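Structure file my_file_11.txt (compact mmCIF, C-alpha atoms) is printed below.
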```txt
# COMPACT_ATOMS: atom_id res chain seq x y z
CA MET A 1 -26.73 36.15 52.09
CA ILE A 2 -25.59 33.16 50.06
CA ASP A 3 -27.52 31.20 47.46
CA ILE A 4 -26.40 27.86 48.85
CA GLU A 5 -28.36 25.81 46.33
CA THR A 6 -26.84 27.48 43.27
CA ALA A 7 -23.35 27.70 44.78
CA LEU A 8 -23.26 23.99 45.58
CA ARG A 9 -24.68 23.14 42.14
CA VAL A 10 -22.13 25.34 40.36
CA LEU A 11 -19.19 23.77 42.18
CA ALA A 12 -20.43 20.18 42.05
CA THR A 13 -21.41 20.21 38.39
CA ALA A 14 -18.00 21.66 37.51
CA GLY A 15 -16.42 18.68 39.25
CA VAL A 16 -14.73 20.77 41.96
CA GLU A 17 -13.49 18.63 44.85
CA PHE A 18 -14.48 20.39 48.06
CA ILE A 19 -15.83 19.78 51.55
CA VAL A 20 -18.52 21.96 53.10
CA VAL A 21 -17.37 23.14 56.53
CA GLY A 22 -18.38 25.94 58.91
CA GLY A 23 -21.89 27.24 59.47
CA VAL A 24 -23.53 25.61 56.44
CA ALA A 25 -22.08 22.23 57.47
CA ALA A 26 -23.38 22.84 61.00
CA ARG A 27 -26.79 23.64 59.55
CA ALA A 28 -26.71 20.45 57.46
CA HIS A 29 -26.20 18.54 60.70
CA GLY A 30 -29.22 20.23 62.29
CA SER A 31 -27.88 23.43 63.83
CA ALA A 32 -30.42 26.23 64.22
CA ARG A 33 -27.86 29.03 63.86
CA LEU A 34 -27.93 31.56 61.06
CA THR A 35 -24.90 31.83 58.81
CA ASN A 36 -24.45 34.17 55.88
CA ASP A 37 -21.58 32.60 54.00
CA LEU A 38 -20.50 29.26 52.59
CA ASP A 39 -17.15 27.87 53.76
CA VAL A 40 -15.52 25.12 51.74
CA VAL A 41 -12.15 23.39 51.92
CA TYR A 42 -10.94 22.75 48.38
CA ARG A 43 -8.40 20.24 47.08
CA ARG A 44 -5.20 21.92 46.01
CA THR A 45 -4.37 19.94 42.91
CA PRO A 46 -3.71 21.80 39.64
CA GLN A 47 -6.76 20.21 38.00
CA ASN A 48 -9.07 21.10 40.85
CA ILE A 49 -7.77 24.65 41.06
CA GLN A 50 -8.43 25.01 37.34
CA ARG A 51 -11.99 23.67 37.74
CA MET A 52 -12.62 25.96 40.70
CA SER A 53 -11.33 28.99 38.85
CA ALA A 54 -13.51 28.28 35.80
CA ALA A 55 -16.63 27.43 37.83
CA LEU A 56 -16.65 30.64 39.83
CA ASP A 57 -15.37 33.02 37.18
CA PRO A 58 -18.86 33.83 35.73
CA HIS A 59 -20.03 34.85 39.23
CA ALA A 60 -17.73 37.86 39.59
CA PRO A 61 -15.59 36.75 42.55
CA TYR A 62 -13.84 39.58 44.39
CA LEU A 63 -11.95 39.85 47.67
CA ARG A 64 -14.48 40.53 50.41
CA GLY A 65 -13.91 43.83 52.18
CA ALA A 66 -11.29 45.01 49.68
CA PRO A 67 -11.76 48.47 48.17
CA PRO A 68 -13.28 48.41 44.68
CA GLY A 69 -10.95 48.65 41.71
CA LEU A 70 -8.11 46.42 42.92
CA PRO A 71 -6.50 44.44 40.10
CA PHE A 72 -7.76 41.13 41.49
CA ARG A 73 -7.94 38.27 39.04
CA TRP A 74 -9.68 35.04 39.92
CA ASP A 75 -7.64 32.53 37.99
CA ALA A 76 -5.58 29.40 38.58
CA ASP A 77 -2.36 31.40 39.12
CA THR A 78 -3.95 33.53 41.83
CA ILE A 79 -5.37 30.47 43.57
CA ARG A 80 -2.04 28.62 43.37
CA ARG A 81 -0.18 31.58 44.91
CA GLY A 82 -2.68 31.96 47.75
CA LEU A 83 -4.33 29.52 50.11
CA ASN A 84 -7.49 30.87 51.74
CA PHE A 85 -9.79 33.22 49.83
CA THR A 86 -12.68 35.09 51.41
CA LEU A 87 -14.76 36.17 48.46
CA THR A 88 -17.86 38.07 47.65
CA THR A 89 -19.54 36.69 44.53
CA GLY A 90 -22.77 37.06 42.59
CA LEU A 91 -24.01 34.05 44.55
CA GLY A 92 -23.09 35.52 47.94
CA ASP A 93 -20.08 35.26 50.21
CA ILE A 94 -17.96 32.15 49.78
CA ASP A 95 -14.76 31.26 51.65
CA PHE A 96 -12.45 28.92 49.75
CA LEU A 97 -10.06 27.47 52.28
CA GLY A 98 -6.92 25.53 51.39
CA GLU A 99 -6.55 24.55 55.05
CA ILE A 100 -8.37 24.99 58.32
CA THR A 101 -6.95 25.16 61.83
CA GLY A 102 -7.03 21.82 63.58
CA GLY A 103 -8.08 19.97 60.45
CA GLY A 104 -5.57 20.63 57.68
CA GLY A 105 -6.38 20.48 54.00
CA TYR A 106 -8.78 18.53 51.81
CA ASP A 107 -6.78 15.28 51.80
CA ALA A 108 -6.63 15.24 55.60
CA LEU A 109 -10.31 16.06 55.97
CA VAL A 110 -11.85 13.92 53.26
CA THR A 111 -11.94 10.83 55.48
CA ARG A 112 -13.74 12.93 58.12
CA SER A 113 -16.43 13.98 55.65
CA LYS A 114 -19.55 12.28 54.30
CA PRO A 115 -21.19 12.52 50.89
CA ILE A 116 -24.63 14.08 50.92
CA ALA A 117 -27.14 14.40 48.09
CA VAL A 118 -28.68 17.89 48.09
CA PHE A 119 -30.29 20.03 45.40
CA GLY A 120 -29.70 17.30 42.83
CA VAL A 121 -25.94 17.08 43.33
CA ASP A 122 -23.57 15.13 45.58
CA VAL A 123 -21.32 17.15 47.86
CA ARG A 124 -19.10 16.26 50.80
CA CYS A 125 -19.83 17.67 54.25
CA LEU A 126 -17.53 17.55 57.28
CA ASP A 127 -18.82 15.09 59.87
CA LEU A 128 -20.20 16.41 63.13
CA ASP A 129 -17.36 15.22 65.37
CA CYS A 130 -14.73 16.76 63.13
CA LEU A 131 -16.72 19.99 62.90
CA ILE A 132 -16.67 20.21 66.70
CA GLU A 133 -12.95 19.39 66.81
CA VAL A 134 -11.93 22.07 64.31
CA LYS A 135 -14.12 24.70 65.94
CA ARG A 136 -12.57 23.88 69.30
CA ALA A 137 -9.08 23.93 67.78
CA ALA A 138 -9.71 27.37 66.29
CA GLY A 139 -10.16 28.66 69.85
CA ARG A 140 -12.21 31.71 68.91
CA PRO A 141 -14.33 33.10 71.75
CA ARG A 142 -17.17 33.86 69.30
CA ASP A 143 -17.40 30.13 68.48
CA LEU A 144 -18.14 29.03 72.05
CA GLU A 145 -21.90 29.18 71.68
CA ALA A 146 -21.74 27.45 68.29
CA ILE A 147 -19.58 24.65 69.74
CA ALA A 148 -22.00 24.26 72.65
CA GLU A 149 -24.87 23.91 70.18
CA LEU A 150 -22.99 21.32 68.09
CA GLU A 151 -22.17 19.29 71.19
CA ALA A 152 -25.82 19.47 72.29
CA LEU A 153 -26.77 18.34 68.79
CA ARG A 154 -24.47 15.33 69.11
CA GLU A 155 -26.08 14.44 72.43
CA GLU A 156 -29.55 14.73 70.90
CA ARG A 157 -28.53 12.43 68.05
CA GLU A 158 -27.21 9.85 70.48
CA ARG A 159 -30.41 10.08 72.52
CA PHE A 160 -32.55 9.51 69.40
CA ASN A 161 -30.37 6.62 68.29
CA LYS A 162 -30.71 4.89 71.66
CA SER A 163 -34.49 5.32 71.87
CA MET B 1 -34.84 10.96 63.62
CA ASN B 2 -33.86 11.35 60.00
CA ASP B 3 -30.71 9.24 59.62
CA ASP B 4 -28.61 11.53 57.44
CA GLY B 5 -25.44 9.51 58.08
CA LEU B 6 -23.46 12.64 58.89
CA ALA B 7 -22.58 11.96 62.51
CA GLY B 8 -19.12 10.47 62.06
CA VAL B 9 -16.93 8.89 64.67
CA SER B 10 -14.55 10.92 66.76
CA ARG B 11 -10.96 9.71 66.52
CA HIS B 12 -9.88 11.46 69.66
CA PRO B 13 -12.90 12.25 71.86
CA LEU B 14 -12.38 15.66 73.42
CA GLU B 15 -12.61 16.26 77.14
CA PRO B 16 -15.65 18.29 78.20
CA ASP B 17 -14.79 21.97 78.42
CA PRO B 18 -16.36 23.70 81.44
CA VAL B 19 -16.96 26.92 79.49
CA ILE B 20 -18.73 25.07 76.68
CA GLU B 21 -20.71 23.06 79.23
CA ALA B 22 -21.90 26.35 80.73
CA TYR B 23 -23.00 27.63 77.31
CA LYS B 24 -24.76 24.33 76.64
CA ARG B 25 -27.27 24.96 79.41
CA ASP B 26 -28.81 27.80 77.35
CA ILE B 27 -29.19 25.87 74.10
CA ASP B 28 -32.78 25.43 72.93
CA ARG B 29 -32.84 21.72 72.27
CA THR B 30 -36.41 21.68 70.98
CA LEU B 31 -35.17 23.41 67.80
CA LEU B 32 -32.41 20.84 67.40
CA ARG B 33 -34.85 17.95 67.84
CA GLU B 34 -37.12 19.44 65.19
CA ASN B 35 -34.21 19.90 62.80
CA LEU B 36 -33.08 16.32 63.31
CA LYS B 37 -36.45 15.14 61.97
CA ARG B 38 -35.79 16.94 58.67
CA SER B 39 -33.65 15.89 55.72
CA VAL B 40 -30.37 17.70 55.03
CA GLU B 41 -31.95 19.48 52.06
CA GLU B 42 -34.86 20.68 54.19
CA ARG B 43 -32.40 22.00 56.79
CA LEU B 44 -30.50 23.96 54.13
CA ARG B 45 -33.70 25.29 52.56
CA ASP B 46 -34.75 26.49 56.03
CA LEU B 47 -31.42 28.30 56.31
CA MET B 48 -31.97 30.05 52.98
CA ARG B 49 -35.47 31.11 54.06
CA LEU B 50 -34.04 32.47 57.31
CA GLN B 51 -31.33 34.36 55.42
CA ARG B 52 -33.93 35.98 53.16
CA PHE B 53 -36.00 36.97 56.19
CA ALA B 54 -32.95 38.40 58.02
CA ASP B 55 -31.93 40.30 54.89
CA GLU B 56 -35.41 41.76 54.44
CA TRP B 57 -35.53 42.66 58.14
CA ARG B 58 -32.15 44.44 57.89
CA ARG B 59 -33.29 46.42 54.86
CA ALA B 60 -36.56 47.38 56.53
CA ALA B 61 -34.65 48.57 59.60
CA GLN B 62 -32.31 50.64 57.42
CA ARG B 63 -35.27 52.25 55.64
CA THR B 64 -36.99 53.01 58.93
CA PHE B 65 -34.09 54.33 60.98
CA ARG B 66 -31.91 56.20 58.49
```
Show the structure stored in the file as structure tokens.
Amino acid sequence: MIDIETALRVLATAGVEFIVVGGVAARAHGSARLTNDLDVVYRRTPQNIQRMSAALDPHAPYLRGAPPGLPFRWDADTIRRGLNFTLTTGLGDIDFLGEITGGGGYDALVTRSKPIAVFGVDVRCLDLDCLIEVKRAAGRPRDLEAIAELEALREERERFNKS
Amino acid sequence: MNDDGLAGVSRHPLEPDPVIEAYKRDIDRTLLRENLKRSVEERLRDLMRLQRFADEWRRAAQRTFR
């Protein structure tokens, strides 16, 4: 379970540049599917990495699924040396992705995202067409039903817009 | 419909995939239509409510069947 409201507020108020992707983005578009984590693509600039490190540090980030007691440090050096981080935090599970298959990194995706105002903050969310494209590019069998739902959602939007 | 401005424009429209088309037949579109009437914040609050319910359900099942 993820406290989406607090997680988005924490990141946005710290000035972290990120794009919401994955299941929460799908839900923002109108998907009815349940998701238990928050996936974001973050901008890999030194300043942004620093902001991201500081924003999440109070929420006890740790590598999801790793045995307890590993010497994991959530700091700018760790983020710089890695790319994608699947974390468990006090706010719930958050995936910080430097890149996603079929979409690339923040700078490539930012033009395919839209700003949304939620929970009193402004965040960027991947647009529906791009969400479908990256899910199809990932080619995971478990995504087939989710892709079908997103494509149905796009058809429903078009139908509403025409009527 | 609530115009949330999130639709976007596909740069390279993808060809229909026959497997995805087959899955699409089973999608409950009434839920999608209802969600489209809501704001983005309402959709995310619904997700959080659903997560809490699923979490409570999981815990109840663990208590009952352990």
**Request:** Up to 6 Å from chain B, what residues of chain A turn up? Count only C-alpha atoms and give them as a PyMOL selection string.
**Result:** chain A and resi 1+28+30+118+127-129+145+148
**Asked** Which distance in Å separates CA of Gln50 (chain A) and CA of Ala76 (chain A), to one decimal?
**Response**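 Value for the CA of Gln50 (chain A)-CA of Ala76 (chain A) distance: 5.4 Å.
Here CA of Gln47 (chain A) and CA of Asp107 (chain A) stand 14.7 Å from one another.
Here CA of Arg124 (chain A) and CA of Ile79 (chain A) stand 21.0 Å from one another.
Around the coordinate (-11.2, 22.1, 49.8), residues that reach within 9 Å when counting all atoms listed in the file are Val16, Glu17, Phe18, Ile19, Val20, Val40, Val41, Tyr42, Arg43, Arg44, Phe96, Leu97, Gly98, Glu99, Gly105, Tyr106, Asp107, Leu109 and Val110 of chain A.
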